[in-house]
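Report on one structure; see the data block that follows.
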Protein chains: 6
Amino acid sequence: MKHRRAVYPGSFDPVTNGHVDIIRRASALFDELVVAVLLNRGKTPLFSTEERLDMLRKSVAGWRNVRVDSFSGLMVDYMRKNDMAVAIRGLRAVSDLEYEFQLAHTNRTLYPEMETVFLMPGENYVYLTSTTVREVASLGGELGTQVPRHVSLALRKKFSEKK
Amino acid sequence: MKHRRAVYPGSFDPVTNGHVDIIRRASALFDELVVAVLLNRGKTPLFSTEERLDMLRKSVAGWRNVRVDSFSGLMVDYMRKNDMAVAIRGLRAVSDLEYEFQLAHTNRTLYPEMETVFLMPGENYVYLTSTTVREVASLGGELGTQVPRHVSLALRKKFSEKK
Amino acid sequence: MKHRRAVYPGSFDPVTNGHVDIIRRASALFDELVVAVLLNRGKTPLFSTEERLDMLRKSVAGWRNVRVDSFSGLMVDYMRKNDMAVAIRGLRAVSDLEYEFQLAHTNRTLYPEMETVFLMPGENYVYLTSTTVREVASLGGELGTQVPRHVSLALRKKFSEKK
Amino acid sequence: MKHRRAVYPGSFDPVTNGHVDIIRRASALFDELVVAVLLNRGKTPLFSTEERLDMLRKSVAGWRNVRVDSFSGLMVDYMRKNDMAVAIRGLRAVSDLEYEFQLAHTNRTLYPEMETVFLMPGENYVYLTSTTVREVASLGGELGTQVPRHVSLALRKKFSEKK
Amino acid sequence: MKHRRAVYPGSFDPVTNGHVDIIRRASALFDELVVAVLLNRGKTPLFSTEERLDMLRKSVAGWRNVRVDSFSGLMVDYMRKNDMAVAIRGLRAVSDLEYEFQLAHTNRTLYPEMETVFLMPGENYVYLTSTTVREVASLGGELGTQVPRHVSLALRKKFSEKK
Amino acid sequence: MKHRRAVYPGSFDPVTNGHVDIIRRASALFDELVVAVLLNRGKTPLFSTEERLDMLRKSVAGWRNVRVDSFSGLMVDYMRKNDMAVAIRGLRAVSDLEYEFQLAHTNRTLYPEMETVFLMPGENYVYLTSTTVREVASLGGELGTQVPRHVSLALRKKFSEKK
C-alpha cells in the first residue's frame, strides 16, 4: 500500500464550516492531508497569513493526519517539492465547475502525475462562501452556524478594530 | 494505513476510452478498484451484461488492482455488502454536475459513511458518451479513437447482426 | 386590498418534503393557495390521481388557506376559469431554470395577465426530487426524512404490492 | 471567392418562427443554404416527412439561395456527398450548449473538414421550441405569433383529426 | 387579509426598462412595493444616490403602491426595521441564479421570517444590464429602447460632462 | 457572390493557440478576416498594443486572407466604418455563453445588419484562456503547447524584466 499525501489549497480568508466539512471528508480518504494557505500577491486578504494559519490549526485539531501549511508561487511546484500527488477541491455550484476544470487542466498540463479530486460538501454548505461571510460580518451580521466559533469571534474583533 | 476499496459504477454500454481514462486515474488513487456494471431493469442495453463485463475485463487487463463486477438494486447496498466506502464518478460537463450531486446526495443520505469522489477525464474525452458512440455506430460511422479497438469491432459486429 | 389566489401545479407523484416546504412558503405570501395535481395523459404515474390528492390533503392539513385540486389540459385555461393570476414554482437547480423559463414564457404568451413566482426551497431539499424518491423506494431503500411519514408508508405498500 | 454551401439540419416538427429567423440569418452569411429534415428512425414525428418539407418550403419561399431537402443516416455522410462544409445550429440556452458541443465534436471527428457555425436567434425566440408548440397545440392552445400562419393552421387540423 | 409590503433592492445605476418591468409585475403581486437603492461603500456608482432616486421616482410615477427609498448596511436589518417580509429579485440568466440563491440563503439565515420571490422579466429584457447600458453610453452609443427616455438623456449628459 | 469581411475582436493579451485555432476556422468560412485588438481604456494589459499586434501578425502569417488591426470605442462603429457585417466569437464554456449572448444582443440592437457567428475551438483549447497563460507565466511556469513559440518567449522576457 502506498502512502498518499493530499493537499487542500485555498485562501481560507477565513476558514468556514464548509471548508472544515471538506477537510473531514478528505482526511478519511487519504493517509495524510495538508491544508495549504495560498499566498496570492495580487489580493489583500482580510486576515494575515499567520491569522489564517492559526484559525485553520484550531479548526483541524481533531484530525491526526491533517496539518496546516502555506505556500506562494505555482501550486504544482509546491506539490512536487512536497511529494503530493493529489489536490482536493470542494465543488458547490455549477459556476465553480468551469473555473475548477480550467484550473485542474492547467495544473495537469504543468504536472501530469498529479490528480485533482473533487468532493461535494454537505448540503448545509452549498451556498456558503468566505466572501459572503466577510461581507455579512463587515455589516455587523453574524453567520454563527456557518463558521467555527473562534472564527466568528475573530471576525467580530477584526471589524470592531476597523471602525 | 487503511486499505481503501473504491467502486466505479456505470452502464458501460459500451466502455469508452473516457471510462478507461477514469479507471486509470482512480486505480492510482485507491488500493483496490471495482468497476461495477449496474443492471438496470428499466433499460434495455445494446450489449448484454456478459458482453459488457467481457469488454471491461479486456480494457482493464493492464491494472493489477482493478477488477470487474456487476450488481442490481441500490448501489449503497452493494457497497455496504462489499465494504466499499468510495464511489468514483467522472465529471465532464455542467449538465452532468446537477444530476451527479443529486445522486451523491441521495447515496449519502442512505449510507452516510460513503464518499463520492469526482474525477475529471482527459480533455480528449470531454465530449464523449456511450450514447454518442452507439448512435454513430448504428448509422455506420466509426469513432475509432474514442473506444478501445475490441469495442470498435464488437460495435461493428453488433450492428451488422441487427440488419 | 385585493384577494390573491395562487396555484402551485405539479405531478406530486408523490409529494415530498420539498413540495411541502414550498407550500408553506407560498401560503404565507398569498391569501389562498390551490395545490393542483396536473393530470398528464402522456405519463403513467406511480400513484393514482386519488392517491396523490389524498397524500397532498394529509400534507397540507396544517394550513387554513391551502386546498387541493386537480386539472387536465392547459394550466392557463384552468387558471383563467378559477380566477388565479399567480403560479408558484420551486426552483432548485440551474437545469430547472431554463425549462421553467420556457414554461413561464409560454404561459405568459397564452395568458398575459398571469405571473409566475419562483421560490427557493430550504437547503435540505436542494437535491430532492419525486423521481429519486420513487427509484430509491422501488429498490427497497427509504428516504424517510425527505417525505412525510404517510408518504413513506404509501411507498412501501405500493412496492410490496408490485412484487 | 469560394462558393459556400451550408446545411441547417433539424427535425422541424413543425418549423417555428425561431427556425425561420435562423434561416434568414444563415442565408445572408452563405451563398447557398439547404434546410435539411433529418429522418430519425427512432422517433415518431407529429408531421410526416412530406408535411414537414412542405411547411418548410412555404416558410423559405422568400429567399432565393435557400432550398429544402431531407436525409437519413449520418449527417456527415450527407454533407460529404453534397459538398457541404458548414453546418448551422441555433443556440438558445445554456442547456443546448453542451449537447451541441458534443454533437459538433462528434461530427468534427468523423469529418474534420467541416465546421459548425452557431447563430443566436432573435430575443423573441429564446424560449421557443417545437416541443412546446406541439404540446400547447395538442391541448387546444395557440402560439400564433411563434409559428408561421400556415403552420398554425396545420397544427389545428392535425389535432382536430386526432380526436 | 394581511397587508403585504415587499422590497425590490438594487443599485439601479441607472434604472433600466428591465427593472421597470419587474417593478410593474411586483406591484401587481403585493399591496405595497418599496424600490430601495442599496448604498454600497465599496463601489463608486456612475450616478449619485440622489440622481438614482430621482430617476427611479420618475420611472415609477405610474403606480400608486410603489415608492422609492435607499438604505445602507444589511438588507435584512432594513427589512426588519420597515416591517418588510418579501424581497423581490429579477432572474434573467443561469449565471444570476447561483449568486441569487447564495444571497437569498444568506438572508434567510439572518432573517428566517423573510421570503425571496423571483420574477422573470419580459423576453425583451433577458440580455439587459445596467453595466451594458453604462458601457455603451460611455462609448457614445445609445440603447434608447432599453432605458426610460429620461435615463437616456441623463446618460448622455453625464458622459458629455465627463469629457 | 458577395465578398464577406468578418472581424474577430479580442484583447489577445497574449494570443493563444486557442485564438489561432479560431482564426484558422474563421478564415476558411469568410473571404476576408480582420483580427482586431480592442483597446480598452479601463484595463491595463500585460502587453502593449504594438506588442499584441506584433504577436498576432506573426501568428497569422500563414493565411492570405487574414490581417491584423486595432480599434477603440464601440465595436459596431468600427464594423460599420469598415464595412464588416460579421463578428466572430469563440465559445468554450457555458459561462462564456451568457456574457456572449448579452454582448451579441447589445451589438445587434446598435447595428441590426450585423451577425455574430460563434465557433467552437478544438478540444485541446477548451480550458485555455489568456488569463491563465499570464498567471502561470508570472509564477515561472510554462504552457508551451498552448501558445505559439514566439509568445512563450515574449512571456518569459516580460516577466524576467518585471522582477
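Order determines the names: the first chain of the C-alpha cells is A, the second B, and so forth; residues in each chain are numbered 1 upward, and ligands are numbered 1 upward as they are shown.
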Residue neighbourhood stretch 133-137 of chain E, 12 Å, only C-alpha atoms, exclusion window fewer than 6 positions, as JSON, numbers by chain: {"E": [12, 13, 14, 15, 16, 17, 18, 45, 46, 47, 127, 143, 144, 145, 146, 147, 148, 151, 152, 153, 154, 155, 156, 157, 158, 159, 160, 162], "F": [40, 41, 42, 73, 74, 75, 76, 77, 102, 103, 106, 107, 109, 110]}
Picked from stretch 24-92 of chain D by DSSP as helix (DSSP H, G or I), as a ChimeraX atom specification: /D:24-29,49-59,75-81
Residue list for chain E near chain C as JSON, numbers by chain, 12 Å, only C-alpha atoms: {"E": [1, 2, 3, 4, 5, 6, 22, 24, 25, 26, 27, 28, 29, 30, 31, 32, 65, 84, 85, 86, 87, 88, 89, 90, 91, 92, 93, 94, 95, 96, 97, 98, 99, 100, 101, 102, 103, 104, 105, 106, 108, 109, 112, 113, 114, 115, 116, 117, 118, 119, 120, 121, 122, 123, 124, 126]}
Can you give chain B as a tab-separated table (two decimals) with C-alpha atoms, in the first residue's frame after you superpose it on chain F, pairing all C-alpha atoms in order for the least-squares fit?
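Writing done, so here's result36.tsv:
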chain	number	residue	atom	x	y	z
B	1	MET	CA	-21.34	36.10	-54.78
B	2	LYS	CA	-20.87	38.72	-52.11
B	3	HIS	CA	-17.45	39.46	-50.66
B	4	ARG	CA	-17.75	38.77	-46.94
B	5	ARG	CA	-15.48	40.49	-44.45
B	6	ALA	CA	-15.51	39.29	-40.85
B	7	VAL	CA	-13.89	40.70	-37.72
B	8	TYR	CA	-12.52	38.65	-34.82
B	9	PRO	CA	-12.25	41.12	-31.92
B	10	GLY	CA	-10.45	40.51	-28.63
B	11	SER	CA	-7.78	41.61	-26.18
B	12	PHE	CA	-5.24	38.99	-27.32
B	13	ASP	CA	-3.11	39.66	-24.23
B	14	PRO	CA	-1.41	37.48	-25.44
B	15	VAL	CA	-2.74	35.48	-28.39
B	16	THR	CA	-3.04	31.76	-27.52
B	17	ASN	CA	-3.23	28.65	-29.69
B	18	GLY	CA	-6.97	28.68	-28.96
B	19	HIS	CA	-7.24	32.07	-30.71
B	20	VAL	CA	-5.10	30.81	-33.59
B	21	ASP	CA	-7.42	27.81	-33.94
B	22	ILE	CA	-10.47	30.09	-34.21
B	23	ILE	CA	-8.63	32.32	-36.73
B	24	ARG	CA	-7.89	29.28	-38.90
B	25	ARG	CA	-11.53	28.18	-38.81
B	26	ALA	CA	-12.95	31.66	-39.47
B	27	SER	CA	-10.52	32.35	-42.32
B	28	ALA	CA	-11.92	29.29	-44.10
B	29	LEU	CA	-15.51	30.49	-43.71
B	30	PHE	CA	-15.22	34.08	-44.91
B	31	ASP	CA	-13.46	35.86	-47.76
B	32	GLU	CA	-11.55	38.21	-45.50
B	33	LEU	CA	-10.86	38.15	-41.79
B	34	VAL	CA	-9.62	41.07	-39.68
B	35	VAL	CA	-8.26	40.14	-36.25
B	36	ALA	CA	-8.83	43.34	-34.27
B	37	VAL	CA	-7.25	44.22	-30.93
B	38	LEU	CA	-9.75	46.06	-28.77
B	39	LEU	CA	-8.13	48.99	-26.93
B	40	ASN	CA	-9.96	49.16	-23.62
B	41	ARG	CA	-9.30	52.33	-21.61
B	42	GLY	CA	-10.38	50.68	-18.38
B	43	LYS	CA	-7.85	47.83	-18.32
B	44	THR	CA	-4.03	47.80	-18.23
B	45	PRO	CA	-2.87	44.98	-20.46
B	46	LEU	CA	0.33	43.00	-19.85
B	47	PHE	CA	1.49	43.61	-23.43
B	48	SER	CA	1.31	46.99	-25.20
B	49	THR	CA	-0.92	47.39	-28.25
B	50	GLU	CA	2.13	47.26	-30.53
B	51	GLU	CA	3.38	44.05	-28.87
B	52	ARG	CA	-0.02	42.41	-29.16
B	53	LEU	CA	-0.38	43.38	-32.82
B	54	ASP	CA	3.12	42.11	-33.50
B	55	MET	CA	2.45	38.72	-31.84
B	56	LEU	CA	-0.81	38.42	-33.81
B	57	ARG	CA	0.93	39.28	-37.11
B	58	LYS	CA	3.46	36.51	-36.53
B	59	SER	CA	0.67	34.09	-35.63
B	60	VAL	CA	-1.50	34.71	-38.73
B	61	ALA	CA	1.33	34.91	-41.26
B	62	GLY	CA	0.19	31.62	-42.79
B	63	TRP	CA	-3.22	32.84	-44.02
B	64	ARG	CA	-3.53	35.15	-47.02
B	65	ASN	CA	-6.99	36.47	-46.24
B	66	VAL	CA	-6.27	37.43	-42.62
B	67	ARG	CA	-4.92	40.77	-41.44
B	68	VAL	CA	-4.45	42.45	-38.08
B	69	ASP	CA	-5.81	45.79	-36.83
B	70	SER	CA	-6.80	47.60	-33.63
B	71	PHE	CA	-9.70	49.82	-32.62
B	72	SER	CA	-11.13	51.74	-29.67
B	73	GLY	CA	-14.70	52.77	-28.94
B	74	LEU	CA	-17.76	50.74	-29.90
B	75	MET	CA	-17.09	47.65	-31.98
B	76	VAL	CA	-20.22	48.30	-34.03
B	77	ASP	CA	-18.89	51.74	-35.05
B	78	TYR	CA	-15.62	50.13	-36.13
B	79	MET	CA	-17.53	47.47	-38.08
B	80	ARG	CA	-19.79	49.95	-39.84
B	81	LYS	CA	-16.87	52.19	-40.85
B	82	ASN	CA	-15.01	49.17	-42.28
B	83	ASP	CA	-17.98	47.52	-43.93
B	84	MET	CA	-17.87	44.40	-41.79
B	85	ALA	CA	-21.12	42.54	-41.20
B	86	VAL	CA	-19.88	39.52	-39.28
B	87	ALA	CA	-18.24	39.29	-35.85
B	88	ILE	CA	-16.54	36.01	-34.86
B	89	ARG	CA	-16.52	34.74	-31.28
B	90	GLY	CA	-15.05	31.54	-29.88
B	91	LEU	CA	-17.29	29.68	-27.42
B	92	ARG	CA	-15.69	27.40	-24.89
B	93	ALA	CA	-17.85	27.11	-21.88
B	94	VAL	CA	-21.32	27.54	-20.54
B	95	SER	CA	-20.25	30.55	-18.52
B	96	ASP	CA	-19.00	32.23	-21.68
B	97	LEU	CA	-22.37	31.78	-23.32
B	98	GLU	CA	-24.45	34.19	-21.29
B	99	TYR	CA	-21.91	37.00	-21.50
B	100	GLU	CA	-21.53	36.39	-25.23
B	101	PHE	CA	-25.29	36.44	-25.79
B	102	GLN	CA	-25.57	39.70	-23.85
B	103	LEU	CA	-22.80	41.22	-25.95
B	104	ALA	CA	-24.19	39.90	-29.23
B	105	HIS	CA	-27.63	41.16	-28.35
B	106	THR	CA	-26.35	44.63	-27.46
B	107	ASN	CA	-24.40	44.79	-30.71
B	108	ARG	CA	-27.44	43.66	-32.69
B	109	THR	CA	-29.51	46.41	-31.07
B	110	LEU	CA	-26.90	49.02	-32.06
B	111	TYR	CA	-26.26	47.61	-35.56
B	112	PRO	CA	-29.09	45.35	-36.75
B	113	GLU	CA	-27.36	44.45	-40.05
B	114	MET	CA	-24.52	42.61	-38.30
B	115	GLU	CA	-24.40	38.96	-37.33
B	116	THR	CA	-22.38	37.29	-34.57
B	117	VAL	CA	-21.03	33.89	-35.54
B	118	PHE	CA	-19.93	31.52	-32.77
B	119	LEU	CA	-17.29	28.88	-33.43
B	120	MET	CA	-16.15	26.02	-31.21
B	121	PRO	CA	-12.37	25.71	-30.75
B	122	GLY	CA	-10.62	22.34	-30.94
B	123	GLU	CA	-10.98	20.18	-27.81
B	124	ASN	CA	-7.39	20.92	-26.77
B	125	TYR	CA	-8.30	24.57	-26.19
B	126	VAL	CA	-11.49	24.12	-24.18
B	127	TYR	CA	-9.83	25.10	-20.89
B	128	LEU	CA	-7.36	27.68	-22.25
B	129	THR	CA	-7.56	31.42	-21.50
B	130	SER	CA	-5.11	34.32	-21.80
B	131	THR	CA	-5.63	34.98	-18.09
B	132	THR	CA	-4.38	31.52	-17.15
B	133	VAL	CA	-1.44	31.84	-19.53
B	134	ARG	CA	-0.41	35.17	-17.93
B	135	GLU	CA	-0.84	33.87	-14.37
B	136	VAL	CA	1.18	30.73	-14.96
B	137	ALA	CA	3.94	32.69	-16.74
B	138	SER	CA	4.07	35.28	-13.92
B	139	LEU	CA	4.83	32.45	-11.47
B	140	GLY	CA	7.54	30.97	-13.67
B	141	GLY	CA	5.51	28.14	-15.25
B	142	GLU	CA	5.36	27.35	-18.95
B	143	LEU	CA	2.34	26.42	-21.04
B	144	GLY	CA	4.47	25.77	-24.09
B	145	THR	CA	1.91	23.77	-26.05
B	146	GLN	CA	-0.82	26.31	-25.51
B	147	VAL	CA	0.73	29.43	-27.07
B	148	PRO	CA	2.83	29.91	-30.21
B	149	ARG	CA	6.57	29.63	-29.53
B	150	HIS	CA	7.22	33.36	-30.06
B	151	VAL	CA	4.55	34.18	-27.45
B	152	SER	CA	6.16	31.80	-24.99
B	153	LEU	CA	9.46	33.66	-25.43
B	154	ALA	CA	7.77	37.07	-25.12
B	155	LEU	CA	6.12	35.98	-21.85
B	156	ARG	CA	9.40	34.78	-20.40
B	157	LYS	CA	11.12	38.05	-21.39
B	158	LYS	CA	8.25	40.16	-20.00
B	159	PHE	CA	8.33	38.53	-16.57
B	160	SER	CA	12.12	38.50	-16.26
B	161	GLU	CA	12.04	42.27	-16.94
B	162	LYS	CA	9.42	42.75	-14.25
B	163	LYS	CA	11.48	41.29	-11.46
DSSP strand (DSSP E or B) residues within stretch 1-70 of chain C, listed as a list in words: Arg5, Ala6, Val7, Tyr8, Pro9, Gly10, Glu32, Leu33, Val34, Val35, Ala36, Val37, Leu38, Val66, Arg67, Val68, Asp69 and Ser70 of chain C
Save out the residues we just selected, C-alpha atoms, as a short mmCIF file (atom, residue, chain, number, x, y, z; two decimals), in the first residue's frame.
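And here's selection_9.cif as it stands now:
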data_model
loop_
_atom_site.label_atom_id
_atom_site.label_comp_id
_atom_site.auth_asym_id
_atom_site.auth_seq_id
_atom_site.Cartn_x
_atom_site.Cartn_y
_atom_site.Cartn_z
CA ARG C 5 -55.31 33.30 -5.23
CA ALA C 6 -52.23 31.35 -6.34
CA VAL C 7 -51.88 27.88 -7.83
CA TYR C 8 -48.97 25.50 -7.21
CA PRO C 9 -49.17 22.97 -10.05
CA GLY C 10 -47.26 19.69 -10.25
CA GLU C 32 -55.31 31.50 -0.94
CA LEU C 33 -53.22 28.68 -2.38
CA VAL C 34 -54.50 25.81 -4.51
CA VAL C 35 -52.12 22.86 -4.87
CA ALA C 36 -53.20 21.36 -8.19
CA VAL C 37 -52.32 17.90 -9.48
CA LEU C 38 -51.71 18.06 -13.22
CA VAL C 66 -54.46 25.89 1.25
CA ARG C 67 -56.63 23.43 -0.64
CA VAL C 68 -56.02 20.63 -3.10
CA ASP C 69 -57.41 20.16 -6.61
CA SER C 70 -56.59 18.53 -9.96
#
